[in-house]
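Trainee: Sending over a structure as structure tokens; questions will come in a sec.
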Amino acid sequence: MSKRVTVRMRRVYDAVDPDDGARVLVDRLWPRGLSKDAARLDEWLKDVAPSNELRKWYGHRAEAYEEFAERYRAELAEEPGSEALERLRGMAADGPVTLLTATKELDLSHVTVLREVLRHGS
């Protein structure tokens with residue numbers, strides 16, 4: 001039986017929680033108005049974020065979420081996303097991981113897809 005991984009999702013602007021574990025920014029762009037010290041990151045994995053093309057196409061339109069999720073999973077299966085995903089899997093195997101993003105709507109973001117991939121493998 002495999003060990004269950006703990007993967008949380010939060011906005012990078014939220015206060016640090018003692019239960020965060022490894023804090024990983026998973027956005028391609030640095031969040032506006034946030035200093036690197038204030039972010040208190042353990043790592044910034046730009047390559048696990050959706051490509052700029054996919055991000056712009058999606059535009060957080062709820063009606064496009066399912067297709068976005070499918071396209072994003074396909075990106076994660078290829079380099080450089082797959083390498084960054086493996087890095088995240090290793091971190092999650094070592095303890096809790098909190099995926100951080102600047103996105104306001106977490107449920108319609110790539111972080112939701114990424115958490116699912118880390119928890120269930122696809």
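Residues are referred to by chain and number: the chain letter is A, B, ... according to the order shown in the structure tokens, the number counts from 1 in that chain, and ligands are numbered separately from 1 in the order shown.
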Just want the 12 Å neighbourhood of stretch 55-57 of chain A, counted on only C-alpha atoms, with same-chain residues fewer than 6 positions away dropped. Output as a JSON list (two decimals) with N, CA and C atoms, in the first residue's frame.

Mentor:
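That gives us part.json:
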[["chain", "number", "residue", "atom", "x", "y", "z"],
["A", 27, "ASP", "N", 3.61, 28.85, -10.05],
["A", 27, "ASP", "CA", 3.23, 29.80, -11.11],
["A", 27, "ASP", "C", 4.45, 30.07, -11.97],
["A", 28, "ARG", "N", 4.20, 30.37, -13.23],
["A", 28, "ARG", "CA", 5.29, 30.70, -14.15],
["A", 28, "ARG", "C", 5.81, 32.12, -13.91],
["A", 29, "LEU", "N", 4.91, 33.02, -13.48],
["A", 29, "LEU", "CA", 5.27, 34.42, -13.24],
["A", 29, "LEU", "C", 5.33, 34.69, -11.74],
["A", 49, "ALA", "N", 4.12, 24.79, -14.02],
["A", 49, "ALA", "CA", 2.96, 25.64, -14.34],
["A", 49, "ALA", "C", 2.56, 25.44, -15.81],
["A", 64, "ALA", "N", -14.40, 26.30, -19.80],
["A", 64, "ALA", "CA", -13.24, 25.70, -20.48],
["A", 64, "ALA", "C", -12.37, 24.87, -19.53],
["A", 65, "TYR", "N", -12.78, 24.75, -18.25],
["A", 65, "TYR", "CA", -11.93, 24.12, -17.25],
["A", 65, "TYR", "C", -11.58, 22.67, -17.60],
["A", 67, "GLU", "N", -11.43, 21.06, -20.47],
["A", 67, "GLU", "CA", -10.46, 20.98, -21.57],
["A", 67, "GLU", "C", -9.11, 21.50, -21.13],
["A", 68, "PHE", "N", -9.10, 22.57, -20.34],
["A", 68, "PHE", "CA", -7.85, 23.09, -19.79],
["A", 68, "PHE", "C", -7.14, 22.01, -18.98],
["A", 69, "ALA", "N", -7.87, 21.33, -18.10],
["A", 69, "ALA", "CA", -7.28, 20.30, -17.25],
["A", 69, "ALA", "C", -6.67, 19.18, -18.10],
["A", 71, "ARG", "N", -5.56, 19.42, -21.26],
["A", 71, "ARG", "CA", -4.38, 19.96, -21.94],
["A", 71, "ARG", "C", -3.21, 20.13, -20.97],
["A", 72, "TYR", "N", -3.52, 20.56, -19.76],
["A", 72, "TYR", "CA", -2.47, 20.75, -18.75],
["A", 72, "TYR", "C", -1.85, 19.42, -18.35],
["A", 75, "GLU", "N", 0.61, 18.54, -20.89],
["A", 75, "GLU", "CA", 1.86, 19.29, -20.74],
["A", 75, "GLU", "C", 2.72, 18.69, -19.63],
["A", 103, "THR", "N", -3.23, 32.97, -8.13],
["A", 103, "THR", "CA", -4.59, 32.88, -8.65],
["A", 103, "THR", "C", -5.63, 33.06, -7.56],
["A", 108, "LEU", "N", -10.66, 26.72, -9.88],
["A", 108, "LEU", "CA", -10.61, 26.75, -11.35],
["A", 108, "LEU", "C", -9.19, 26.93, -11.86],
["A", 109, "SER", "N", -8.22, 26.62, -11.02],
["A", 109, "SER", "CA", -6.82, 26.87, -11.40],
["A", 109, "SER", "C", -6.06, 25.59, -11.71],
["A", 110, "HIS", "N", -4.88, 25.77, -12.22],
["A", 110, "HIS", "CA", -3.99, 24.63, -12.49],
["A", 110, "HIS", "C", -3.58, 23.92, -11.21]]

Trainee: Apply DSSP to the structure's backbone, then extract all residues of stretch 13-121 of chain A labelled strand (DSSP E or B) and return them as a PyMOL selection string.

Mentor: chain A and resi 22-25+43-44+97-101

Trainee: How far is it from atom CA of A:Arg23 to atom CA of A:Asp42, in Å with one decimal?

Mentor: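 Atom CA of A:Arg23 sits 5.2 Å away from atom CA of A:Asp42.
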
Trainee: Name the residues of chain A that come out as alpha helix (DSSP H) in a backbone DSSP run; write them as a ChimeraX atom specification.

Mentor: /A:36-39,52-58,65-76,81-94,110-120

Trainee: Nearest to A:Ala92 among A:Leu118, A:Val12, A:Leu45, A:Leu106, with distances taken over only C-alpha atoms: which residue is it?

Mentor: A:Leu118

Trainee: Would you work out the distance separating atom CA of A:Tyr13 from atom CA of A:Ala102, expressed in Å to one decimal?

Mentor: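 Result for atom CA of A:Tyr13 versus atom CA of A:Ala102: 6.9 Å, one decimal.
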
Trainee: Once you count only C-alpha atoms, what closest atom pair and distance in Å to one decimal does each residue of stretch 15-44 of chain A within 12 Å of stretch 80-85 of chain A have, with rows by chain and rising residue number, as a Markdown table?

Mentor:
| residue | atom | partner | partner_atom | distance |
| --- | --- | --- | --- | --- |
| A:Val24 | CA | A:Ala84 | CA | 11.3 |
| A:Leu25 | CA | A:Ala84 | CA | 11.8 |
| A:Val26 | CA | A:Ala84 | CA | 9.7 |
| A:Arg28 | CA | A:Gly81 | CA | 11.3 |
| A:Glu43 | CA | A:Ala84 | CA | 11.0 |
| A:Trp44 | CA | A:Ala84 | CA | 10.0 |

Trainee: Take the residues that were just selected and, keeping N, CA and C atoms, output them as an mmCIF file, in the first residue's frame.

Mentor:
data_model
loop_
_atom_site.group_PDB
_atom_site.id
_atom_site.type_symbol
_atom_site.label_atom_id
_atom_site.label_comp_id
_atom_site.auth_asym_id
_atom_site.auth_seq_id
_atom_site.Cartn_x
_atom_site.Cartn_y
_atom_site.Cartn_z
ATOM 1 N N VAL A 24 5.755 25.607 -2.050
ATOM 2 C CA VAL A 24 6.250 25.617 -3.427
ATOM 3 C C VAL A 24 5.362 26.495 -4.299
ATOM 4 N N LEU A 25 5.954 27.535 -4.867
ATOM 5 C CA LEU A 25 5.246 28.377 -5.825
ATOM 6 C C LEU A 25 5.206 27.635 -7.155
ATOM 7 N N VAL A 26 4.001 27.468 -7.706
ATOM 8 C CA VAL A 26 3.838 26.707 -8.941
ATOM 9 C C VAL A 26 3.256 27.582 -10.056
ATOM 10 N N ARG A 28 4.203 30.369 -13.229
ATOM 11 C CA ARG A 28 5.290 30.700 -14.149
ATOM 12 C C ARG A 28 5.806 32.120 -13.906
ATOM 13 N N GLU A 43 10.681 26.502 -2.579
ATOM 14 C CA GLU A 43 11.068 26.314 -3.967
ATOM 15 C C GLU A 43 10.071 27.023 -4.875
ATOM 16 N N TRP A 44 10.569 27.407 -6.061
ATOM 17 C CA TRP A 44 9.724 27.974 -7.109
ATOM 18 C C TRP A 44 9.910 27.092 -8.327
#

Trainee: Could you check how far atom CA of A:Gly33 sits from atom CA of A:Arg89, in Å to one decimal?

Mentor: 29.1 Å

Trainee: Env of A:Asp19: 10 Å cut, atoms = only C-alpha atoms, seq-sep filter 3 positions within chain, self excluded. Answer as a PyMOL selection string.

Mentor: chain A and resi 8+16+22+96-98

Trainee: With only C-alpha atoms as the basis for distance, which of A:Arg61, A:Asp14, A:Thr6, A:Leu88 is at the shortest distance from A:Lys46?

Mentor: A:Leu88
